[in-house]
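J.: Contents are compact mmCIF, C-alpha atoms; file name run_35.txt:
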```txt
# COMPACT_ATOMS: atom_id res chain seq x y z
CA MET A 3 -3.11 -24.71 22.28
CA ALA A 4 -0.90 -23.00 19.69
CA MET A 5 0.64 -26.32 18.66
CA MET A 6 -2.80 -27.91 18.26
CA PHE A 7 -3.92 -24.97 16.14
CA HIS A 8 -0.87 -25.26 13.90
CA GLY A 9 -1.20 -29.05 13.90
CA ILE A 10 -4.80 -28.89 12.70
CA GLU A 11 -3.79 -26.57 9.87
CA ALA A 12 -1.04 -29.01 8.87
CA TYR A 13 -3.48 -31.95 9.01
CA LYS A 14 -5.96 -30.07 6.78
CA ALA A 15 -3.25 -29.35 4.20
CA ARG A 16 -1.90 -32.91 4.30
CA ASN A 17 -5.28 -34.59 3.98
CA HIS A 18 -7.04 -31.98 1.84
CA CYS A 19 -9.94 -31.77 4.24
CA SER A 20 -11.89 -29.02 5.95
CA ILE A 21 -11.81 -28.63 9.73
CA ASP A 22 -13.21 -25.54 11.42
CA HIS A 23 -11.36 -24.83 14.65
CA ALA A 24 -12.46 -21.91 16.84
CA ILE A 25 -10.94 -20.74 20.12
CA LEU A 26 -13.31 -19.79 22.92
CA HIS A 27 -11.43 -17.48 25.28
CA THR A 28 -12.85 -17.18 28.78
CA GLY A 29 -10.72 -14.21 29.79
CA GLN A 30 -9.61 -15.99 32.97
CA HIS A 31 -6.29 -14.23 32.38
CA TYR A 32 -7.65 -10.74 31.76
CA ASP A 33 -4.33 -8.88 32.06
CA PRO A 34 -3.11 -8.11 28.48
CA LEU A 35 0.41 -9.17 29.52
CA MET A 36 -0.96 -12.56 30.53
CA SER A 37 -3.32 -13.04 27.57
CA ASP A 38 -3.26 -10.86 24.42
CA ILE A 39 0.51 -11.04 24.06
CA PHE A 40 0.41 -14.83 23.59
CA PHE A 41 -1.96 -14.60 20.64
CA GLU A 42 0.15 -11.87 19.07
CA GLU A 43 3.49 -13.66 19.54
CA LEU A 44 2.35 -17.11 18.46
CA GLY A 45 0.59 -15.94 15.32
CA LEU A 46 -2.92 -16.86 16.43
CA ALA A 47 -6.01 -14.89 15.50
CA MET A 48 -7.58 -13.15 18.48
CA PRO A 49 -10.51 -15.31 19.58
CA HIS A 50 -14.05 -14.10 19.25
CA PRO A 51 -15.97 -13.78 21.36
CA ILE A 52 -14.01 -13.25 24.54
CA ILE A 53 -16.20 -14.19 27.47
CA GLY A 54 -15.88 -11.61 30.22
CA THR A 55 -14.88 -13.34 33.44
CA SER A 56 -14.83 -11.35 36.62
CA SER A 57 -12.30 -12.02 39.32
CA GLY A 58 -13.59 -13.57 42.51
CA THR A 59 -13.66 -16.86 44.36
CA PRO A 60 -13.11 -20.04 42.34
CA GLY A 61 -16.81 -20.84 42.60
CA VAL A 62 -17.93 -17.42 41.38
CA GLN A 63 -15.42 -17.44 38.54
CA THR A 64 -16.25 -20.99 37.43
CA ALA A 65 -20.00 -20.36 37.60
CA ALA A 66 -19.73 -17.23 35.44
CA MET A 67 -17.66 -19.07 32.85
CA LEU A 68 -19.96 -22.11 32.88
CA ALA A 69 -23.02 -19.99 32.13
CA SER A 70 -21.30 -18.05 29.35
CA ILE A 71 -19.68 -21.10 27.74
CA GLU A 72 -23.02 -22.92 27.70
CA VAL A 73 -24.57 -20.04 25.74
CA GLU A 74 -21.76 -20.11 23.18
CA LEU A 75 -21.88 -23.88 22.76
CA MET A 76 -25.64 -23.80 22.24
CA ARG A 77 -25.18 -21.07 19.63
CA GLU A 78 -22.28 -22.71 17.78
CA THR A 79 -23.33 -26.39 18.20
CA PRO A 80 -19.80 -27.79 17.67
CA ASP A 81 -19.14 -31.43 16.87
CA LEU A 82 -16.41 -31.58 19.51
CA VAL A 83 -15.03 -29.55 22.41
CA LEU A 84 -11.32 -29.63 23.30
CA ILE A 85 -10.23 -28.64 26.78
CA TYR A 86 -6.65 -28.17 27.94
CA GLY A 87 -4.95 -28.58 31.28
CA ASP A 88 -6.43 -27.92 34.70
CA THR A 89 -7.67 -24.32 35.01
CA ASN A 90 -11.08 -23.13 36.17
CA SER A 91 -11.78 -22.45 32.48
CA THR A 92 -11.09 -26.14 31.79
CA LEU A 93 -13.55 -27.25 34.44
CA ALA A 94 -16.25 -24.81 33.30
CA ALA A 95 -15.97 -25.93 29.68
CA ALA A 96 -15.98 -29.60 30.71
CA LEU A 97 -19.21 -29.18 32.66
CA ALA A 98 -20.89 -27.12 29.94
CA ALA A 99 -20.03 -29.55 27.15
CA SER A 100 -20.91 -32.69 29.10
CA LYS A 101 -24.28 -31.31 30.18
CA LEU A 102 -25.07 -30.45 26.56
CA HIS A 103 -23.93 -33.95 25.46
CA ILE A 104 -21.25 -32.56 23.15
CA PRO A 105 -18.28 -34.95 22.74
CA LEU A 106 -15.48 -33.75 25.01
CA VAL A 107 -11.72 -34.28 24.65
CA HIS A 108 -9.35 -33.54 27.52
CA ILE A 109 -5.78 -32.82 26.46
CA GLU A 110 -3.26 -33.36 29.27
CA ALA A 111 -5.41 -35.97 30.98
CA GLY A 112 -4.45 -38.27 33.85
CA LEU A 113 -2.24 -35.89 35.82
CA ARG A 114 -2.49 -36.09 39.60
CA SER A 115 -0.66 -34.32 42.41
CA PHE A 116 -2.81 -36.22 44.98
CA ASN A 117 -3.30 -32.94 46.85
CA ARG A 118 -7.01 -32.14 46.80
CA GLU A 119 -6.41 -28.80 48.48
CA MET A 120 -5.20 -27.61 45.08
CA GLN A 121 -8.00 -26.20 42.93
CA GLU A 122 -6.24 -27.63 39.89
CA GLU A 123 -6.43 -31.18 41.25
CA ILE A 124 -10.23 -31.04 41.51
CA ASN A 125 -10.41 -29.55 38.01
CA ARG A 126 -8.28 -32.40 36.62
CA ILE A 127 -10.30 -35.18 38.25
CA VAL A 128 -13.71 -33.85 37.25
CA SER A 129 -12.61 -33.02 33.71
CA ASP A 130 -11.18 -36.50 33.18
CA HIS A 131 -14.26 -38.27 34.46
CA VAL A 132 -16.74 -36.35 32.28
CA SER A 133 -14.61 -36.44 29.09
CA ASP A 134 -15.21 -38.82 26.21
CA LEU A 135 -11.60 -38.97 24.98
CA LEU A 136 -8.60 -38.62 27.28
CA LEU A 137 -5.25 -37.70 25.73
CA ALA A 138 -2.49 -38.51 28.21
CA PRO A 139 0.95 -36.81 27.99
CA THR A 140 3.04 -39.48 29.75
CA ALA A 141 3.04 -43.16 30.65
CA ALA A 142 2.48 -42.23 34.31
CA SER A 143 -0.65 -40.24 33.47
CA MET A 144 -1.88 -43.10 31.29
CA GLU A 145 -1.37 -45.52 34.18
CA GLN A 146 -3.35 -43.22 36.49
CA LEU A 147 -6.26 -43.26 34.07
CA ARG A 148 -6.10 -47.07 34.12
CA VAL A 149 -6.18 -47.06 37.92
CA GLU A 150 -9.30 -44.86 37.83
CA GLY A 151 -11.02 -47.14 35.31
CA LEU A 152 -10.71 -44.68 32.43
CA SER A 153 -8.18 -46.41 30.17
CA GLY A 154 -10.88 -47.54 27.73
CA ARG A 155 -11.28 -43.95 26.51
CA ALA A 156 -7.63 -42.89 26.85
CA ALA A 157 -4.66 -42.68 24.51
CA LEU A 158 -0.99 -41.88 25.14
CA VAL A 159 0.00 -38.99 22.85
CA GLY A 160 2.87 -37.08 24.49
CA ASP A 161 3.10 -33.53 25.78
CA LEU A 162 2.17 -30.55 23.62
CA MET A 163 4.46 -28.32 25.66
CA LEU A 164 7.53 -30.18 24.40
CA ASP A 165 6.32 -29.56 20.85
CA ALA A 166 6.00 -25.86 21.63
CA VAL A 167 9.41 -25.55 23.31
CA ALA A 168 11.08 -27.28 20.38
CA HIS A 169 9.20 -25.11 17.87
CA TYR A 170 9.67 -21.71 19.52
CA THR A 171 13.10 -21.95 21.18
CA SER A 172 15.81 -20.06 19.32
CA SER A 173 19.44 -19.63 20.34
CA ASP A 174 19.53 -16.34 18.42
CA ARG A 175 16.69 -14.66 20.30
CA THR A 176 17.71 -11.84 22.64
CA SER A 177 16.09 -10.84 25.93
CA ALA A 178 14.82 -7.31 26.48
CA VAL A 179 14.48 -8.08 30.20
CA LEU A 180 18.08 -9.21 30.65
CA ASP A 181 19.37 -6.27 28.63
CA LYS A 182 17.34 -3.76 30.65
CA GLN A 183 18.40 -5.31 33.97
CA GLY A 184 22.08 -5.48 32.96
CA LEU A 185 22.14 -9.28 33.28
CA VAL A 186 23.19 -10.27 29.77
CA GLY A 187 25.85 -12.97 30.09
CA LYS A 188 25.55 -13.08 33.88
CA SER A 189 24.37 -15.75 36.29
CA TYR A 190 20.81 -15.34 37.58
CA ALA A 191 17.85 -17.24 38.99
CA LEU A 192 14.45 -16.99 37.29
CA VAL A 193 11.69 -17.00 39.93
CA THR A 194 7.93 -17.19 39.44
CA MET A 195 5.13 -17.73 41.92
CA HIS A 196 1.37 -17.65 41.46
CA ARG A 197 -0.33 -20.74 42.92
CA ALA A 198 -2.93 -20.17 45.61
CA GLU A 199 -1.26 -22.66 47.98
CA ASN A 200 1.68 -20.24 48.20
CA THR A 201 0.16 -16.81 47.62
CA ASP A 202 -2.90 -17.34 49.85
CA SER A 203 -0.86 -18.65 52.78
CA PHE A 204 0.83 -15.90 54.80
CA LYS A 205 3.22 -18.42 56.36
CA ARG A 206 4.30 -19.95 53.06
CA LEU A 207 4.49 -16.63 51.24
CA THR A 208 6.64 -14.90 53.88
CA ALA A 209 8.99 -17.90 54.10
CA ILE A 210 9.49 -17.96 50.34
CA LEU A 211 10.05 -14.19 50.18
CA SER A 212 12.53 -14.49 53.05
CA SER A 213 14.52 -17.04 51.05
CA LEU A 214 14.65 -14.72 48.02
CA ALA A 215 16.38 -12.06 50.10
CA LYS A 216 19.23 -14.52 50.74
CA PHE A 217 19.81 -15.83 47.20
CA PRO A 218 23.51 -15.96 46.26
CA ILE A 219 22.92 -14.71 42.70
CA PRO A 220 20.66 -12.09 41.06
CA ILE A 221 16.97 -12.90 40.71
CA VAL A 222 14.66 -12.04 37.81
CA LEU A 223 11.09 -12.11 39.17
CA PRO A 224 8.24 -11.48 36.67
CA LEU A 225 5.35 -10.44 38.90
CA HIS A 226 2.18 -12.43 38.32
CA PRO A 227 -0.87 -10.15 38.85
CA ARG A 228 -2.00 -12.25 41.84
CA LEU A 229 1.37 -11.92 43.58
CA SER A 230 1.61 -8.24 42.72
CA ARG A 231 -1.80 -7.53 44.28
CA LEU A 232 -0.91 -9.43 47.45
CA LEU A 233 2.42 -7.66 47.86
CA GLY A 234 0.98 -4.20 47.32
CA VAL A 235 3.16 -1.13 46.89
CA GLU A 236 5.02 -1.64 50.17
CA GLY A 237 5.72 -5.30 49.54
CA ARG A 238 7.07 -4.63 46.06
CA ARG A 239 9.20 -1.81 47.42
CA MET A 240 10.57 -4.10 50.13
CA LEU A 241 11.58 -6.75 47.60
CA ALA A 242 13.06 -4.21 45.22
CA SER A 243 15.18 -2.77 48.05
CA HIS A 244 17.41 -5.84 47.68
CA ASP A 245 19.86 -5.00 44.91
CA HIS A 246 19.94 -8.56 43.61
CA ILE A 247 16.15 -8.83 43.14
CA HIS A 248 14.91 -7.50 39.80
CA LEU A 249 11.12 -7.16 39.71
CA VAL A 250 9.72 -7.07 36.17
CA GLU A 251 6.29 -7.01 34.56
CA PRO A 252 4.83 -10.30 33.26
CA VAL A 253 6.57 -11.35 30.06
CA GLY A 254 5.37 -13.06 26.90
CA TYR A 255 5.94 -16.70 26.05
CA LEU A 256 8.92 -16.12 23.78
CA GLU A 257 10.68 -13.86 26.28
CA MET A 258 10.02 -16.39 29.03
CA LEU A 259 11.62 -19.17 26.99
CA VAL A 260 14.78 -17.05 26.63
CA LEU A 261 14.83 -16.31 30.37
CA GLU A 262 14.38 -20.01 31.17
CA GLN A 263 17.01 -21.15 28.71
CA ARG A 264 19.68 -18.75 30.01
CA ALA A 265 18.97 -19.01 33.75
CA ASP A 266 21.32 -20.93 36.04
CA VAL A 267 18.32 -22.14 38.02
CA ILE A 268 14.54 -21.79 37.81
CA VAL A 269 12.57 -21.45 41.05
CA THR A 270 8.82 -21.78 40.53
CA ASP A 271 5.49 -23.22 41.60
CA SER A 272 4.32 -23.53 38.00
CA GLY A 273 3.73 -26.97 36.53
CA GLY A 274 4.44 -25.72 33.04
CA MET A 275 7.75 -24.13 33.99
CA GLN A 276 8.90 -27.33 35.69
CA LYS A 277 8.52 -29.06 32.35
CA GLU A 278 10.07 -26.26 30.32
CA ALA A 279 13.07 -26.25 32.65
CA TYR A 280 13.44 -30.01 32.12
CA PHE A 281 13.08 -29.71 28.36
CA LEU A 282 15.65 -26.89 28.20
CA GLY A 283 18.14 -28.52 30.58
CA THR A 284 17.90 -25.86 33.29
CA PRO A 285 17.91 -27.11 36.93
CA CYS A 286 14.60 -26.38 38.67
CA VAL A 287 13.59 -25.87 42.31
CA THR A 288 9.84 -26.27 42.79
CA LEU A 289 8.08 -24.32 45.55
CA ARG A 290 5.63 -27.11 46.26
CA ASP A 291 5.47 -30.28 48.34
CA GLU A 292 4.47 -32.49 45.41
CA THR A 293 4.30 -32.40 41.63
CA GLU A 294 2.07 -33.97 39.01
CA TRP A 295 5.11 -34.02 36.69
CA THR A 296 7.12 -36.69 38.47
CA GLU A 297 9.17 -37.40 35.33
CA THR A 298 11.00 -34.08 35.85
CA LEU A 299 12.40 -35.32 39.18
CA HIS A 300 14.65 -37.73 37.30
CA ASP A 301 18.34 -37.21 38.15
CA ASP A 302 17.48 -34.16 40.29
CA TRP A 303 16.64 -31.96 37.32
CA ASN A 304 13.71 -30.82 39.46
CA VAL A 305 13.79 -30.73 43.27
CA LEU A 306 10.72 -30.28 45.49
CA ALA A 307 11.60 -27.66 48.10
CA GLY A 308 8.22 -26.75 49.60
CA SER A 309 8.12 -23.34 51.25
CA GLU A 310 10.69 -23.55 54.06
CA SER A 311 13.30 -20.84 53.55
CA GLU A 312 16.38 -22.92 54.37
CA THR A 313 15.16 -25.88 52.31
CA ILE A 314 14.72 -23.60 49.31
CA LEU A 315 18.19 -22.10 49.76
CA ARG A 316 19.81 -25.54 50.05
CA ALA A 317 18.07 -26.68 46.89
CA VAL A 318 19.14 -23.53 45.03
CA ARG A 319 22.77 -23.92 46.13
CA HIS A 320 22.71 -27.57 45.02
CA ALA A 321 21.28 -26.56 41.63
CA LEU A 322 23.93 -23.87 41.19
CA GLU A 323 26.73 -26.31 42.03
CA ARG A 324 25.34 -28.69 39.43
CA SER A 325 25.09 -25.88 36.88
CA SER A 326 28.64 -24.64 37.54
CA ARG A 327 30.03 -28.17 37.04
CA ALA A 328 28.24 -28.31 33.68
CA VAL A 329 27.11 -31.83 34.54
CA GLU A 330 24.33 -32.91 32.22
CA GLN A 331 22.48 -36.12 32.84
CA PRO A 332 20.44 -37.27 29.86
CA ARG A 333 16.84 -36.08 30.02
CA ASN A 334 14.16 -38.52 28.94
CA LEU A 335 12.34 -36.37 26.40
CA ALA A 336 10.90 -39.50 24.80
CA ALA A 337 8.77 -39.85 27.95
CA PHE A 338 6.97 -36.66 26.83
CA GLY A 339 6.37 -37.78 23.25
CA GLY A 340 9.59 -36.61 21.63
CA GLY A 341 7.99 -33.49 20.13
CA GLN A 342 5.24 -35.20 18.11
CA ALA A 343 2.32 -34.79 20.51
CA ALA A 344 0.20 -32.48 18.34
CA ALA A 345 0.20 -34.94 15.43
CA HIS A 346 -0.69 -37.83 17.77
CA CYS A 347 -3.49 -35.79 19.38
CA ILE A 348 -5.05 -34.96 16.02
CA ASP A 349 -4.82 -38.56 14.82
CA GLU A 350 -6.59 -39.79 17.96
CA ILE A 351 -9.26 -37.09 17.67
CA MET A 352 -9.95 -37.92 14.02
CA LYS A 353 -10.21 -41.65 14.83
CA PHE A 354 -12.61 -40.79 17.67
CA MET A 355 -14.77 -38.67 15.37
CA GLU A 356 -14.88 -41.43 12.75
CA LYS A 357 -16.25 -43.82 15.37
CA LYS A 358 -18.91 -41.27 16.35
CA LYS A 359 -20.33 -41.12 12.80
```
Represent the structure from my file as structure tokens, please.
T.:
Amino acid sequence: MAMMFHGIEAYKARNHCSIDHAILHTGQHYDPLMSDIFFEELGLAMPHPIIGTSSGTPGVQTAAMLASIEVELMRETPDLVLIYGDTNSTLAAALAASKLHIPLVHIEAGLRSFNREMQEEINRIVSDHVSDLLLAPTAASMEQLRVEGLSGRAALVGDLMLDAVAHYTSSDRTSAVLDKQGLVGKSYALVTMHRAENTDSFKRLTAILSSLAKFPIPIVLPLHPRLSRLLGVEGRRMLASHDHIHLVEPVGYLEMLVLEQRADVIVTDSGGMQKEAYFLGTPCVTLRDETEWTETLHDDWNVLAGSESETILRAVRHALERSSRAVEQPRNLAAFGGGQAAAHCIDEIMKFMEKKK
């Protein structure tokens, strides 16, 4: 989103035109460390209004956002609605805009994990099929849109996240987390976990936590609010009792980039972090059985480890051996647009709007 915002400003300056671009924030991430900090760090104005979204089941949360977004769209009457990714906010905005017959553009279209037990998979499918313009990040996602009969309204533009990583990564930036934990210049694994398939399954969650206790190097684990709530005080205390596990509060985007860049291995169930690991050249172990970002599996940069403790540990050891040998296979960043996705997205959107006149 930040790269699109900056890209629109650049397009306006380059073409001497006026484009009003407003951010509608649903508040799905209502923790300040998971929301406000991103606007502050990336130089974006705080959105107004912020739609209050209560926690609850996916249906309750999506319904509340759908009703509120519809009110805002009817009040603002925009010429176009942009939606990003695969969250419940994405789905709610897609439904609201399509029902009001407002042209809808889905950025990051065509991704499929083929696991319909994931909430995100349903959000992706529905959003793609109700959108008027589909902006695909990779050739594989473009091909999936063709398979589903949607290629006539799709365009291959590249991945905005690569633009962001290239723009915001700095070799000079320090890490407050590493300094505080005494890990500056030391080997460590960066671990994150938040997806419902892991956190809502007692079997998967306990197996993953069991593997963390046996990691051969220190772990930095920023606690997502969902995981923190599930662990409770006793669970957090149990994890922290292992000297090599460093539990920290959620971190901002810039701090996370530093942690990812300097880690020996990233262990995560996040789709975004799989990509960032690939872009930054950090081996990744994914705590899932499948991924929508199959390009990251190239040359074992990303390994699917599921939730079995021993499988995770084997994958981590393999990643550490690779890291220690300093073996670097070329990463195909061109497959993600080469860092020019924002410009391509805006060009496609402007062409689409011209046709709508």
J.: At what distance in Å, to one decimal, does CA of Ser272 (chain A) lie from CA of Ser143 (chain A)?
T.: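 Here the two named atoms are 18.0 Å from each other.
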J.: Excluding same-chain residues fewer than 4 positions from region 176-178 of chain A, what lies within 8 Å of it counting all atoms listed in the file, as a list in words?
T.: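 Everything that qualifies: Lys182, Glu257, Val260 and Leu261 of chain A.
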J.: Go through region 113-173 of chain A residue by residue and, counting all atoms listed in the file, keep those with an atom at most 9 Å from region 294-297 of chain A; for each kept residue give the shortest atom pair and its distance in Å to one decimal, ordered by chain and increasing number, as JSON lines.
T.:
```
{"residue": "A:Leu113", "atom": "CA", "partner": "A:Glu294", "partner_atom": "CA", "distance": 5.7}
{"residue": "A:Arg114", "atom": "CA", "partner": "A:Glu294", "partner_atom": "CA", "distance": 5.1}
{"residue": "A:Ser115", "atom": "CA", "partner": "A:Glu294", "partner_atom": "CA", "distance": 4.4}
{"residue": "A:Phe116", "atom": "CA", "partner": "A:Glu294", "partner_atom": "CA", "distance": 8.0}
{"residue": "A:Thr140", "atom": "CA", "partner": "A:Glu297", "partner_atom": "CA", "distance": 8.5}
{"residue": "A:Ala142", "atom": "CA", "partner": "A:Glu297", "partner_atom": "CA", "distance": 8.3}
{"residue": "A:Ser143", "atom": "CA", "partner": "A:Glu294", "partner_atom": "CA", "distance": 8.8}
```
J.: Here is a test: counting only C-alpha atoms, which residue of A:Asp349, A:Asp271, A:Glu110, A:Glu262 is nearest to Thr171 (chain A)?
T.: A:Glu262
J.: Could you build a table of the residues in region 110-164 of chain A lying no more than 12 Å from region 275-284 of chain A, giving for each the nearest pair of atoms and their separation in Å rounded to one decimal place, using all atoms listed in the file, ordered by chain and ascending residue number, as a tab-separated table?
T.:
```
residue	atom	partner	partner_atom	distance
A:Pro139	CA	A:Lys277	CA	11.7
A:Asp161	CA	A:Lys277	CA	9.6
A:Leu162	CA	A:Lys277	CA	10.9
A:Met163	CA	A:Glu278	CA	7.6
A:Leu164	CA	A:Phe281	CA	6.8
```
